[in-house]
Structures are given as C-alpha cells and as structure tokens.
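Data first, discussion second: the structure below is written as structure tokens.
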There are 4 protein chains.
Amino acid sequence: MLVVMKADATREEIDAVTARVTELGLTAVPLPGAERTAIGVRVGGVEVGAGRPLVVAAGPCSVETKEQTTATAIAVRDAGATLLRGGAYKPSTSPYSFRGLGESGLRILVEAARAASLPVVTEVLTPADVELVAHFADCLQIGTRNMQNFSLLDAVGEQRKPVMLKRGMSATIEEFLLSAEYILAKGNPNVILCERGIRTFEKYTRNTFDVSAIPLLKRLSHLPVMADPSHGTGKWYLVAPVALAAVAAGADGLMIEVHPSPDHALKDGFQSLTFENFATLMRTVPAVAAAIGRETLSSQ
Amino acid sequence: MLVVMKADATREEIDAVTARVTELGLTAVPLPGAERTAIGVRVGGVEVGAGRPLVVAAGPCSVETKEQTTATAIAVRDAGATLLRGGAYKPSTSPYSFRGLGESGLRILVEAARAASLPVVTEVLTPADVELVAHFADCLQIGTRNMQNFSLLDAVGEQRKPVMLKRGMSATIEEFLLSAEYILAKGNPNVILCERGIRTFEKYTRNTFDVSAIPLLKRLSHLPVMADPSHGTGKWYLVAPVALAAVAAGADGLMIEVHPSPDHALKDGFQSLTFENFATLMRTVPAVAAAIGRETLSSQ
Amino acid sequence: MLVVMKADATREEIDAVTARVTELGLTAVPLPGAERTAIGVRVGGVEVGAGRPLVVAAGPCSVETKEQTTATAIAVRDAGATLLRGGAYKPSTSPYSFRGLGESGLRILVEAARAASLPVVTEVLTPADVELVAHFADCLQIGTRNMQNFSLLDAVGEQRKPVMLKRGMSATIEEFLLSAEYILAKGNPNVILCERGIRTFEKYTRNTFDVSAIPLLKRLSHLPVMADPSHGTGKWYLVAPVALAAVAAGADGLMIEVHPSPDHALKDGFQSLTFENFATLMRTVPAVAAAIGRETLSSQ
Amino acid sequence: MLVVMKADATREEIDAVTARVTELGLTAVPLPGAERTAIGVRVGGVEVGAGRPLVVAAGPCSVETKEQTTATAIAVRDAGATLLRGGAYKPSTSPYSFRGLGESGLRILVEAARAASLPVVTEVLTPADVELVAHFADCLQIGTRNMQNFSLLDAVGEQRKPVMLKRGMSATIEEFLLSAEYILAKGNPNVILCERGIRTFEKYTRNTFDVSAIPLLKRLSHLPVMADPSHGTGKWYLVAPVALAAVAAGADGLMIEVHPSPDHALKDGFQSLTFENFATLMRTVPAVAAAIGRETLSSQ
C-alpha cells in the first residue's frame, strides 16, 4: 500500500491523495481497511493489498526455453494463478552457475505471459537494467541479496512500475521497511513486500519462513505483503503447507515456483512444484482464504 | 504417535504392537494415516495426533491464584479448548524473578481443571519432581530450556504419563527428534512434539515461529505436533494469525496462553490473550482446520 | 571473581568481605584490578581470574580408559597445562551414543589427576549427581545444554566447589550472566564463565566462537572468563589460532581437548589436539599472553 | 592472494604465473608460504598477505570535512597505520540518514591521504561509480550489503585496482569465497577478504566477530585476510581486544575506525576509536604479531 491514511481521514483527504497519485500518472485504488484506509498496488490488471482478493504469482524460477515457460504460464493460469513469475536475470552464488538468459529470457517470458494473458513479475539485478526490465515487465522484483542495494532501490524508485521487494535473508523487519522506504522516498508508491524466509541454523530447510512477519508487516505498514514459500523452505514438499500457513496468517498473495519437470530445472528444481502439485495446492488455497474471510482472485 | 508402522504393515503386525502397548498399561489408539499407520497419544480423555481432530490447550502461563486459574479454565473451555495448560514450576532466566507456586500451584491447577472438566498439561523442571507432577498432571511438559536435559528426559521416559516436548530455542529438527528418542527409548511412547519458535536476530518478536517445522516433523516422524504461537511470537497481537497459520500447516494442536488480565500477569503478560481475544480466535480455528480437511475437537 | 568491590572500596571493606569469605570455609584471594577490586576463584591450588596468570585446562573430551586418561594427564602437564579436564558424565544428542563411564570414569580421572599432580574439572549433569562429583572433582563444570537447567544451577550453588559455567549455545550475554547469578545467589561465589561458541548459520565450524564475549563479560562482571576453542570451532586445525585469539582478547584461561589418538576418540575426536599439537600451541600461548602484559601459569 | 600454487610448484611454474601476471600490467609479488606458495596483493606501495608484515588501515567511517579527514590521516599514520580508510559513498539502512559526500568526499580523502603519504581504501556502491572511485582510490572496498551484488563484483573484477571484499553479514564462508571468485573470474586477482562480523541473536554487540573465519579462510584460500573489529563489535571498548585477537588468529591486516571526536561523528561514532585509544592499541599490535612470528608494517 502506498499511502497510509490516518484512521479518521476524511473523504476529502483521501480524494486529495488520490488526485495527487493520478497526477503522477498512476492508478490509485482506494482500499477501505479495518483500522486505516489503504491504497492498493496494481500489477498489470491485478490489484494486490489489504481488502483485495488473494493473488497467486507462479512460474519457473528461471526462464529456460520458450516451450517450458509457455507451458508453465498456461498451466499455472489454468490452476488459478493470476500473475506469472519467472527469472531472466538470475543472481547466483557462484560465478560459474547459470545466471539466466538475460534479455532473450525477458522476451520469452513476456511472450509466455501474453499467451496466458497474465501480467509478469521478474527480477532486476542492477540499475543499468532497470529501464529494459521495466519496459517488459509489469512488476520489478528486487531479490533478497539486493534488499540493501541502495543504488538499485533508488533506480526502481525513480520509475513507475510496481516493485516487489523481497526480504533480505538476514534482514530485520525494521531494515526491510526502511528498504521499502528508499523506493517510496524516490516517488514510487507501488511497493509490495515479500517474505521469503530468513537464514537460521536449521539445515533441513533452505531458509526458515518467518510466518509472523506477515501480520507484523501488515501492522507496521499498509504495504501489501506476499509470501514466497518456495524460497522460504527450499523443499517442494513443504511448499504447500507453508503456502497455506501464509494465507491463514493474512498474506495478500503467494509467489510459487512451478516447473514442468523439476528434476530437470536449471535452478532450484528441488523447491519447484509440478503442475499437478500446484493445481492440488490451488484447490485448497481459496478454502483457507475463505476461512479467514478473504476471497481469492482467480484467472478462471 | 508412538509407533510408526511401515506403510505395508499387516493387520497382524499392528495388533501385535497394540497388544504390547496394552501390556505396558497404556491405551493404544490405532490411527489409519495416509502413508503410514500411526498410533495416537491420549492426554486424559483427549486424543492428539494425525487423523484426529485438532485440539487446543489453553490457560495461564503461570498459576497465580485459585480465582485466576479457575476463571481461565472455564473461559477457555467455554471458548472450545479441550486441555488446560498452566505452570506451577516456572523456569526463569533470572533467579530473582517469579519461579512459580510449586506444589500448591499444582493443586490449584488440578482443582481448576476439575471445575472445567479438562485434562491438564503442566511443566516439570527436574527429575526429582517427576513423580509428584505426574501424580497431578495428565501430560508432562518439558520446556525449551530442558529439551537437552537428558536426565529429565530419561526420568519422564521412565514413567507413563504423556510428555509434551518443546523444541529447544536453538535446536535443529534433528536434535529435537533425538530428544524425543530419549523418552521413547526409555519405554514411554506417548510423546507430543511442540514447535514454539527459535531464536534468530529479529528483535520485534520474542522468537521466530518456524511454521515449516510442523510439516517437516510430521514427515520425519509420526509423533503428534502441536504449536505454541504464544512463545513463538511473544506478542499477543501476533498469536491469532500465527495460530491459524500453524493449523493451516497441519498442526495437530495449539497451545495458547490466556489470562483474565494480561496487564497484571506475573509472567509473559505481553503474549497472553484476553478471554475475548481467545474466544475470537477459537471462532476461526475450526474454519481453517476444515479448509484443510480436519475437524476440531471441542469441549462444547 | 566472586565479589565486585567498588573502585573506591577501602581496605577495611575489602577485609570484611574477605573475612566473610573465609568464614564460609573458602580461600579469598584479593586481586587488585585496574578499575575495581576483584577476588579470584581457586581451583585446587590454581587461582583463576583477572590479574592472575593465565591458566590452561586440558585433557580428553571423555574418560575412556585409565591408560588414555593418565597418558593425557601427564602429556598436558608436561606441555604446561595446570588443570586436567575430562568427562565421565557426557551429554549426548542421541540416546544411542556414548554417555560416559559415570562413577568409574570419575575414579579414573581422579587417579590420572593425582599421577600428574593436577586439579580436576569435570561435568555434572543432574542435581542428584552433584554430591558425588563434588566429592571427586576440584571444579564442577556445567555444560552448554544445562546453562539454563535451573535446578542444577541451584544444586551447584548450594555446595562449595568452584563451578565452571559454559555459555548456552544460543545464550545471550545477559542470560549467561543471569545463570551465573543463580549460582552466586545460592551462596557459592566461585564461578568461572566459559565462552564456548554460539550457534549460527555457518556450517564449516561446529559453533562460532564469540571472541568479543571475553572482553564484554570481563567488563560486565568481575568473574573469571575462560575460553573453549575446542567446542568453539569443532575443528582441530582451528583450535590453536582461536586459542591464541582468546588469550589476546584477555581470557583468564583456556580449556583444550587433547587425546592420544584423536582418530580413535569415542567422542569429539575431530576437535581434539594430539599431544604434539597441544605442545606446539603451548609454546606460543605464553608469548601472546606476555604481549598483552600477562603471565602464564605453568606446571613446569 | 591471487594465485594458489600447489605445494610442489616448481620455480619455473611460479615464474610462468608471475610472467602472466606482469603481462596483465600488474605487479606480482611471490610470497613463499608454509604449505603453498602465495602471491600477494599490493595496495599502493603496501603489500598485504601471508608471509608479509601485518598492515593496519585506519581512518574515519565517513569523510565529513577536510580538517577531520586530514587530522585523522596524520594521526593514524603517526600511530603506525599504513593505509587510510574512509567512506565517501556510504550505504545507509535508512534513506533519510547521511549517505556520504560522494565525489567531493573522495577528493577530500585523497588529499588527506597525500598529506599523510598513505594509500587509500574506500567503498564503491554501484557499478556506475567504479571508474570514478578507481581513479581516486588505491583499493576499492565492497561493503557487507554488497557481497552478493554480482553486477558490482563483475564491475570491480573488470578493472585492475585491488578489491577489499567484506563478508556479508549473514554469509557463509563458502558464499564469501564464491563472491571473491566472481572478481577473480573477471580477471582481477587482487582480492583481499575482510571478516567484519556476522549477524546473530546477541544484542550487546552490533555483530558477532567470527575470529575462526580468519584461519579458516586462510586454509581454504590463499587470499589475504583482514579483520574489521570496528564493525565486528560496534562498541569502541571492544575494538582493541578483538583487534588483538584477530592478529593472534593470523589476520594479515586490520581495518579500524578512528575519529577525532567519536561523539560528534556523523556515522558509527560509537564504534570509533579516539586518536589516543588508537595509538594505545597500536603499541600492543606489534607485540602480539611478534608472538606468533609476524612483523608489523609501520609507517614510522
């Protein structure tokens, strides 16, 4: 959420903020919240935030081929996803690992998204690429390793596409919110926070998904909060229960890695769901959301 | 769950195990699981485990007075709790803090439990107290600081009341399961695991509740897994969303701290729910459980 | 150090405290400190604390045989150690691992200590064993898993042998000092703190040795502070550099695991030094201590 | 160290590597190591690495004014420092905090360095600034938040000035070395690793200085390893003991924050040493280094 209005904000005050947002060339979406009045983030045609239906972004960790990406886009849409996620520029711990297809990956991703009629979320790694990625994508993702890459935060703050900011792997909640503030301070109000697990001593899981971050972030700010149980656990068989947990805790959306054949994925196959497992998860998500009084947006 | 039978265990094999359990003076409760065959843990009249309805244990962090404890017992029962939790022997970081009422606290707790017709779960701190606590309680709790107090694990393994073992605040999943193994190895099969958060760098929350531990523990063992969002977060306003998350992730039960007047609690008031907040939570728990295909046991 | 006197404590005040200590059957060792006046802890004939020479405790992780223990005792004494360490009661993560020889191990340990004319430090695991272990040992060790075993802290506080308290593996400095306070509050002033590494995400080392804890503990209290680089690193090849680092940071003593044949040790062989590596380390320790203006106590 | 030669590398092989290094326009400095043969990194006229004298880089966290920077440069040189450190581009958790003077800060820094005849180490935050910073500085620092800013690693790998790479605040040793590999893989062999503390649960210290990382990094690679006890502890009164610990553990150099008036520093004053405290530390550093058989390079 971009603008946090006081609980007793008047209609006139909200209109004034909305007008200013519109002046900036953006679409303001007033969201009447329980305690405060929130204004949502629109990614392509999809609204994300408090008071809006739950959204699910799904897709491959990395764009590998046109066939893989398009098949995945269509499969996740058919299962109910309303956003396509996929990486063309990939951060990699080792310089010798796959680092993504770059611009050609972006083109494949956008083509797949069009085939499935889904907006696209994709990562940008460096200020020099922001303009290019923003040209193709509906939402720019800032990855965990770049949460405190302040030059990059400045750069995505200076353009107008929404930004999905992932929590740094050892970032406190306060640092996370201050990184969001970098983007907001440059004039881009369309920031979505994404909890993706933190680093702890536990060895079974890749990260420890901090489910309490969801209600905490929503209490401390009015920005939309999504959850990434794929990176948050690192194990495909933990993705569904942790995704449902995130929904029950009040997440505004999910980010899920899906691959036609996880065993053959170039990256992070172990945490990717098959089409079938994703479809199974998507049959339970709306029920859990409904249990806490929330609708789920569906492409169906 | 005490005995993990192979997926292809025959009726005869299960009967043999059940007979041996009965010989030991226990009640064996065969639970047909999805992949394996599990046998449940019975606390007082309440069964806990995979395939059983979700159970909720609630009550004060510490037994303070007869009035406080009885009022809480009745309030949580009326809201749907089926077990009473409360501490008579309290571990305390400082030697100068409140350390519990001891045996007189146990007597108050049991009286309150009788008034509300609920079984009792309470902590035991040292081998010398095991016999006394087991005399009063339906289930012995081993706290986070004692997860690797091996003498205590041996002692609770040598008696027959069920044991709720809380995860050490920096214990890995493997260490947690090996501590359970201490109790099992002494011949007490009635062990319930309880995730209660781990220590991380985050300062907003008292601990970081590891929601992924729930499905992971259930995959690696067939022991029942409960969740304690009160200690897992340390903030009353995070208890409900994290409790619901734990249910969605597949927890077999919840442990919730409730106090008539959290501001006046002798211990951990900041993480205790009021009667009203607990009742509100309990109206949503069954819906989330139902969303993943699970019933909720109710005292009502 | 047991009694922290104000910087302007008079001779009379110090004498009064010393007299009271003597009344308790203890030996008070006034240590004139830089800012405050400290009183040391005497283990057998060896004084440990600020202003005293550096001491080194060495020996096997576990007592295995009379030959192994005696050979090690003599070897470490010949290399300059002034205390013998060794475990007869061993905490073990798994119930199926070696848990020590118990009382027969204690007897072997004491016999080896006599052969080498060294005082003995050994671990006690449970209140019921305190009397027995205190009968044999010159100093009782409380291990990392028991730092918050408050019944055990009470029990060692109620007797008079010095206590070496190891930091819990995820304990904050404040919690560590409060656990020491449990022992002090029961009337036993002879507490030595021991930094032995904390649990972090790093996988190369068993623990992360927190070298800053040494000056911090010495600033916040006047208790002696020892360092255990064997558990602090878990790798024999890191023991010597980390031991020297601890000395340079101001540790009052070292705890080092030494084994005649680390490859054949029943426990923790990977972190044990050979006799030769220990002797090599001990040739450098006094030089580093001298560089910061400190003597090293030697058995030689 | 840039090239790790096998222990049995012949003179001819070393010469061939040296020749290739010279072809690249660099100065190769063969360093005969204990087990392997290392080649050092030269920063300005100062060599850093195994087998070379210990070096000390000191200076203000941030360049604030010409007077402050020059006075500090001269004071640290007079106390024995051989490198000047100081920040013109400052990463800051909050967008509203001081972010450094930028290019004008660089000019002040270089002028102060000339006045004191010291080479300069300074941080670069983004690929677009690499050329400018490399024009002024003798060594480019990559800060902890940028350890996995792979575009920046590529950029500093593509130029020829030495790079001081700080460990990420939650980076494993393996990730740290792989980030170094990014720079090496682009053709810049002049990488210095810097341990600066990791994030843990401890609240007294800003970070937990991982002293074991020093011998571990030196075992796993032949790159020079420096230590930053200022960020590693966050408390001025812990800087000296931890600095000495790092030297005893085998660090090839120290990075120390010094300010004429820490109470008035724009950034990180609490961890900065006064001129006097720095001079006191520098009188002990050579003695500790000598105790482990190492000389200390001095500007004197």
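Please note that chains go A, B, ... in the order of the structure tokens, that every chain numbers its residues from 1, and that ligands are numbered from 1 in the order shown.
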DSSP-assigned helix (DSSP H, G or I) among region 140-172 of chain D, expressed as number ranges by chain: D: 144-146, 150-157
Generate a file of the selected residues that holds C-alpha atoms, formatted as a short mmCIF file (atom, residue, chain, number, x, y, z; two decimals), in the first residue's frame.
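part-v1.cif was written with the following content:
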data_model
loop_
_atom_site.label_atom_id
_atom_site.label_comp_id
_atom_site.auth_asym_id
_atom_site.auth_seq_id
_atom_site.Cartn_x
_atom_site.Cartn_y
_atom_site.Cartn_z
CA THR D 144 28.89 -6.22 3.55
CA ARG D 145 25.50 -5.41 1.97
CA ASN D 146 27.03 -5.74 -1.49
CA PHE D 150 27.03 -9.62 -8.52
CA SER D 151 26.92 -6.76 -11.04
CA LEU D 152 29.19 -4.78 -8.77
CA LEU D 153 31.51 -7.76 -8.30
CA ASP D 154 31.71 -8.12 -12.06
CA ALA D 155 32.48 -4.41 -12.41
CA VAL D 156 35.33 -4.36 -9.90
CA GLY D 157 36.61 -7.61 -11.43
#
Contact set, chain B to chain A: 10 Å, only C-alpha atoms, as a ChimeraX atom specification: /B:170-174,197-205,207-216,219,229,232-233,235,237-250,284-293
Between CA of Gly59 (chain C) and CA of Ala113 (chain C), distance in Å (one decimal):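 Separation of CA of Gly59 (chain C) and CA of Ala113 (chain C): 10.0 Å.
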Spatial neighbours of region 114-121 of chain D, max dist 9 Å, only C-alpha atoms, sep filter under 5 positions, as a list in words: Val43, Gly44, Gly45, Val46, Ala57, Thr70, Ala73, Ile74, Ala75, Val76, Arg77, Asp78, Ala81, Thr82, Leu83, Leu84, Arg85, Gly86, Gly87, Leu109, Phe136, Ala137, Asp138, Cys139, Leu140, Gln141, Val163, Met164 and Ser299 of chain D
Selected residues, N, CA and C atoms, written as an mmCIF file, in the first residue's frame, please.
data_model
loop_
_atom_site.group_PDB
_atom_site.id
_atom_site.type_symbol
_atom_site.label_atom_id
_atom_site.label_comp_id
_atom_site.auth_asym_id
_atom_site.auth_seq_id
_atom_site.Cartn_x
_atom_site.Cartn_y
_atom_site.Cartn_z
ATOM 1 N N VAL D 43 48.642 -2.809 -2.368
ATOM 2 C CA VAL D 43 47.730 -1.655 -2.305
ATOM 3 C C VAL D 43 48.598 -0.402 -2.197
ATOM 4 N N GLY D 44 48.622 0.379 -3.283
ATOM 5 C CA GLY D 44 49.590 1.473 -3.312
ATOM 6 C C GLY D 44 50.956 0.821 -3.146
ATOM 7 N N GLY D 45 51.745 1.280 -2.222
ATOM 8 C CA GLY D 45 53.061 0.666 -2.025
ATOM 9 C C GLY D 45 53.069 -0.407 -0.955
ATOM 10 N N VAL D 46 51.905 -0.794 -0.483
ATOM 11 C CA VAL D 46 51.827 -1.685 0.675
ATOM 12 C C VAL D 46 51.411 -3.093 0.261
ATOM 13 N N ALA D 57 44.951 -0.581 8.367
ATOM 14 C CA ALA D 57 44.230 0.504 7.685
ATOM 15 C C ALA D 57 43.367 1.186 8.733
ATOM 16 N N THR D 70 41.968 14.977 7.280
ATOM 17 C CA THR D 70 43.433 15.148 7.277
ATOM 18 C C THR D 70 44.002 14.922 8.660
ATOM 19 N N ALA D 73 44.038 11.242 9.204
ATOM 20 C CA ALA D 73 45.057 10.569 8.385
ATOM 21 C C ALA D 73 46.431 10.710 9.022
ATOM 22 N N ILE D 74 46.735 11.904 9.469
ATOM 23 C CA ILE D 74 48.059 12.137 10.064
ATOM 24 C C ILE D 74 48.176 11.426 11.414
ATOM 25 N N ALA D 75 47.098 11.484 12.180
ATOM 26 C CA ALA D 75 47.140 10.828 13.498
ATOM 27 C C ALA D 75 47.323 9.317 13.365
ATOM 28 N N VAL D 76 46.597 8.692 12.441
ATOM 29 C CA VAL D 76 46.711 7.231 12.333
ATOM 30 C C VAL D 76 48.069 6.841 11.752
ATOM 31 N N ARG D 77 48.568 7.672 10.822
ATOM 32 C CA ARG D 77 49.916 7.395 10.301
ATOM 33 C C ARG D 77 50.938 7.507 11.428
ATOM 34 N N ASP D 78 50.825 8.541 12.214
ATOM 35 C CA ASP D 78 51.784 8.719 13.305
ATOM 36 C C ASP D 78 51.725 7.571 14.312
ATOM 37 N N ALA D 81 49.657 3.336 11.375
ATOM 38 C CA ALA D 81 48.838 2.820 10.278
ATOM 39 C C ALA D 81 49.559 3.030 8.952
ATOM 40 N N THR D 82 49.326 2.099 8.017
ATOM 41 C CA THR D 82 49.986 2.231 6.719
ATOM 42 C C THR D 82 48.990 2.370 5.570
ATOM 43 N N LEU D 83 47.718 2.377 5.882
ATOM 44 C CA LEU D 83 46.680 2.610 4.874
ATOM 45 C C LEU D 83 45.635 3.536 5.498
ATOM 46 N N LEU D 84 45.059 4.391 4.662
ATOM 47 C CA LEU D 84 43.966 5.259 5.129
ATOM 48 C C LEU D 84 42.646 4.695 4.626
ATOM 49 N N ARG D 85 41.707 4.512 5.527
ATOM 50 C CA ARG D 85 40.368 4.101 5.110
ATOM 51 C C ARG D 85 39.409 5.261 5.389
ATOM 52 N N GLY D 86 38.346 5.335 4.612
ATOM 53 C CA GLY D 86 37.362 6.401 4.818
ATOM 54 C C GLY D 86 36.299 6.300 3.760
ATOM 55 N N GLY D 87 35.062 6.676 4.111
ATOM 56 C CA GLY D 87 33.946 6.486 3.200
ATOM 57 C C GLY D 87 33.423 7.787 2.611
ATOM 58 N N LEU D 109 39.342 12.898 0.704
ATOM 59 C CA LEU D 109 40.027 11.698 1.197
ATOM 60 C C LEU D 109 41.410 11.562 0.557
ATOM 61 N N PHE D 136 40.451 7.497 -8.084
ATOM 62 C CA PHE D 136 40.978 8.143 -6.877
ATOM 63 C C PHE D 136 41.640 7.171 -5.897
ATOM 64 N N ALA D 137 41.068 5.984 -5.762
ATOM 65 C CA ALA D 137 41.479 5.098 -4.658
ATOM 66 C C ALA D 137 42.572 4.120 -5.061
ATOM 67 N N ASP D 138 43.281 3.628 -4.069
ATOM 68 C CA ASP D 138 44.274 2.581 -4.289
ATOM 69 C C ASP D 138 43.663 1.200 -4.120
ATOM 70 N N CYS D 139 42.551 1.143 -3.439
ATOM 71 C CA CYS D 139 41.877 -0.137 -3.204
ATOM 72 C C CYS D 139 40.382 0.137 -3.066
ATOM 73 N N LEU D 140 39.566 -0.663 -3.780
ATOM 74 C CA LEU D 140 38.106 -0.483 -3.748
ATOM 75 C C LEU D 140 37.509 -1.424 -2.713
ATOM 76 N N GLN D 141 36.711 -0.878 -1.844
ATOM 77 C CA GLN D 141 36.052 -1.726 -0.847
ATOM 78 C C GLN D 141 34.634 -2.071 -1.300
ATOM 79 N N VAL D 163 40.798 -5.069 -4.655
ATOM 80 C CA VAL D 163 39.447 -5.011 -4.094
ATOM 81 C C VAL D 163 39.456 -5.623 -2.693
ATOM 82 N N MET D 164 38.952 -4.867 -1.737
ATOM 83 C CA MET D 164 38.749 -5.435 -0.406
ATOM 84 C C MET D 164 37.280 -5.828 -0.280
ATOM 85 N N SER D 299 54.386 2.761 9.349
ATOM 86 C CA SER D 299 54.640 3.986 8.596
ATOM 87 C C SER D 299 55.788 4.764 9.223
#
Interatomic distance (Å, one decimal) between CA of Asp129 (chain B) and CA of Pro189 (chain C):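 These atoms are spaced 27.0 Å apart.
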Atomic distance CA of Trp236 (chain C) - CA of Gly168 (chain D), expressed in Å with one decimal: 25.8 Å
DSSP strand (DSSP E or B) residues within region 62-255 of chain C, listed as a ChimeraX atom specification: /C:62,83-85,87,120-123,139-142,163-166,191-195,198,208,210,225-227,253-255
Okay, now the selection with N, CA, C and O atoms, as a short mmCIF file (atom, residue, chain, number, x, y, z; two decimals), in the first residue's frame?
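Written output follows (out16.cif):
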data_model
loop_
_atom_site.label_atom_id
_atom_site.label_comp_id
_atom_site.auth_asym_id
_atom_site.auth_seq_id
_atom_site.Cartn_x
_atom_site.Cartn_y
_atom_site.Cartn_z
N SER C 62 36.23 -37.21 26.70
CA SER C 62 35.67 -38.26 27.56
C SER C 62 36.77 -39.11 28.15
O SER C 62 37.75 -39.43 27.48
N LEU C 83 45.59 -27.61 34.80
CA LEU C 83 44.33 -28.23 35.23
C LEU C 83 44.05 -29.39 34.27
O LEU C 83 44.35 -29.29 33.07
N LEU C 84 43.44 -30.44 34.81
CA LEU C 84 43.04 -31.57 33.96
C LEU C 84 41.54 -31.49 33.74
O LEU C 84 40.76 -31.37 34.70
N ARG C 85 41.13 -31.55 32.49
CA ARG C 85 39.70 -31.62 32.21
C ARG C 85 39.39 -33.00 31.62
O ARG C 85 40.26 -33.62 30.98
N GLY C 87 35.65 -35.81 30.82
CA GLY C 87 34.25 -36.06 31.09
C GLY C 87 33.96 -37.50 31.48
O GLY C 87 34.35 -38.43 30.76
N VAL C 120 41.30 -31.19 39.05
CA VAL C 120 40.40 -31.75 38.04
C VAL C 120 39.13 -30.92 37.87
O VAL C 120 38.51 -30.51 38.85
N VAL C 121 38.78 -30.70 36.60
CA VAL C 121 37.49 -30.09 36.23
C VAL C 121 36.68 -31.12 35.49
O VAL C 121 37.17 -31.69 34.51
N THR C 122 35.44 -31.36 35.92
CA THR C 122 34.62 -32.35 35.21
C THR C 122 33.15 -31.98 35.30
O THR C 122 32.73 -31.26 36.21
N GLU C 123 32.39 -32.46 34.34
CA GLU C 123 30.99 -32.04 34.20
C GLU C 123 30.06 -32.83 35.09
O GLU C 123 30.23 -34.02 35.32
N CYS C 139 36.60 -28.83 40.51
CA CYS C 139 35.74 -27.81 39.91
C CYS C 139 34.66 -28.52 39.12
O CYS C 139 34.95 -29.47 38.37
N LEU C 140 33.41 -28.10 39.29
CA LEU C 140 32.28 -28.73 38.60
C LEU C 140 31.97 -27.93 37.34
O LEU C 140 31.79 -26.72 37.40
N GLN C 141 31.87 -28.63 36.25
CA GLN C 141 31.52 -27.96 35.00
C GLN C 141 30.03 -28.12 34.71
O GLN C 141 29.49 -29.21 34.85
N ILE C 142 29.39 -27.00 34.34
CA ILE C 142 28.00 -27.04 33.86
C ILE C 142 28.08 -26.85 32.35
O ILE C 142 28.59 -25.82 31.88
N VAL C 163 32.61 -23.62 40.29
CA VAL C 163 31.78 -24.05 39.17
C VAL C 163 32.25 -23.35 37.90
O VAL C 163 32.40 -22.12 37.88
N MET C 164 32.50 -24.14 36.86
CA MET C 164 32.78 -23.55 35.56
C MET C 164 31.50 -23.64 34.74
O MET C 164 31.05 -24.74 34.40
N LEU C 165 30.94 -22.49 34.44
CA LEU C 165 29.65 -22.42 33.75
C LEU C 165 29.88 -22.12 32.28
O LEU C 165 30.37 -21.05 31.93
N LYS C 166 29.48 -23.04 31.42
CA LYS C 166 29.65 -22.79 29.98
C LYS C 166 28.44 -22.06 29.42
O LYS C 166 27.32 -22.27 29.85
N VAL C 191 32.51 -18.85 40.76
CA VAL C 191 32.00 -19.15 39.43
C VAL C 191 32.99 -18.66 38.38
O VAL C 191 33.47 -17.53 38.46
N ILE C 192 33.29 -19.54 37.45
CA ILE C 192 34.13 -19.20 36.29
C ILE C 192 33.24 -19.29 35.06
O ILE C 192 32.54 -20.30 34.87
N LEU C 193 33.23 -18.26 34.23
CA LEU C 193 32.45 -18.29 33.00
C LEU C 193 33.30 -18.89 31.88
O LEU C 193 34.52 -18.67 31.85
N CYS C 194 32.68 -19.61 30.98
CA CYS C 194 33.44 -20.18 29.86
C CYS C 194 32.71 -19.96 28.53
O CYS C 194 31.64 -20.50 28.31
N GLU C 195 33.33 -19.16 27.66
CA GLU C 195 32.81 -18.96 26.29
C GLU C 195 33.21 -20.17 25.47
O GLU C 195 34.37 -20.57 25.45
N ILE C 198 28.84 -20.05 19.90
CA ILE C 198 27.38 -19.97 19.77
C ILE C 198 26.97 -20.55 18.43
O ILE C 198 27.78 -20.71 17.52
N THR C 208 30.23 -20.90 16.36
CA THR C 208 31.01 -19.70 16.07
C THR C 208 31.54 -19.16 17.39
O THR C 208 30.76 -18.73 18.25
N ASP C 210 32.67 -16.79 19.95
CA ASP C 210 32.38 -15.35 20.09
C ASP C 210 33.49 -14.70 20.92
O ASP C 210 33.39 -14.55 22.13
N VAL C 225 36.97 -15.45 33.19
CA VAL C 225 36.41 -15.90 31.92
C VAL C 225 37.42 -16.80 31.24
O VAL C 225 38.56 -16.40 30.97
N MET C 226 37.01 -18.03 30.99
CA MET C 226 37.86 -18.95 30.23
C MET C 226 37.28 -19.14 28.83
O MET C 226 36.16 -18.71 28.54
N ALA C 227 38.07 -19.76 27.96
CA ALA C 227 37.67 -19.94 26.57
C ALA C 227 37.88 -21.39 26.17
O ALA C 227 38.92 -21.97 26.48
N GLY C 253 41.84 -17.95 30.98
CA GLY C 253 42.28 -19.33 30.87
C GLY C 253 41.72 -19.97 29.62
O GLY C 253 40.86 -19.40 28.93
N LEU C 254 42.24 -21.15 29.30
CA LEU C 254 41.82 -21.92 28.14
C LEU C 254 41.38 -23.31 28.58
O LEU C 254 41.91 -23.84 29.55
N MET C 255 40.43 -23.88 27.85
CA MET C 255 40.00 -25.28 28.01
C MET C 255 40.25 -25.95 26.67
O MET C 255 39.62 -25.57 25.68
#
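Among the candidate residues B:Ser104, B:Asn190, B:Thr72, B:Thr22, the one lying nearest to Val258 (chain B) is B:Thr72, with distances computed using only C-alpha atoms.
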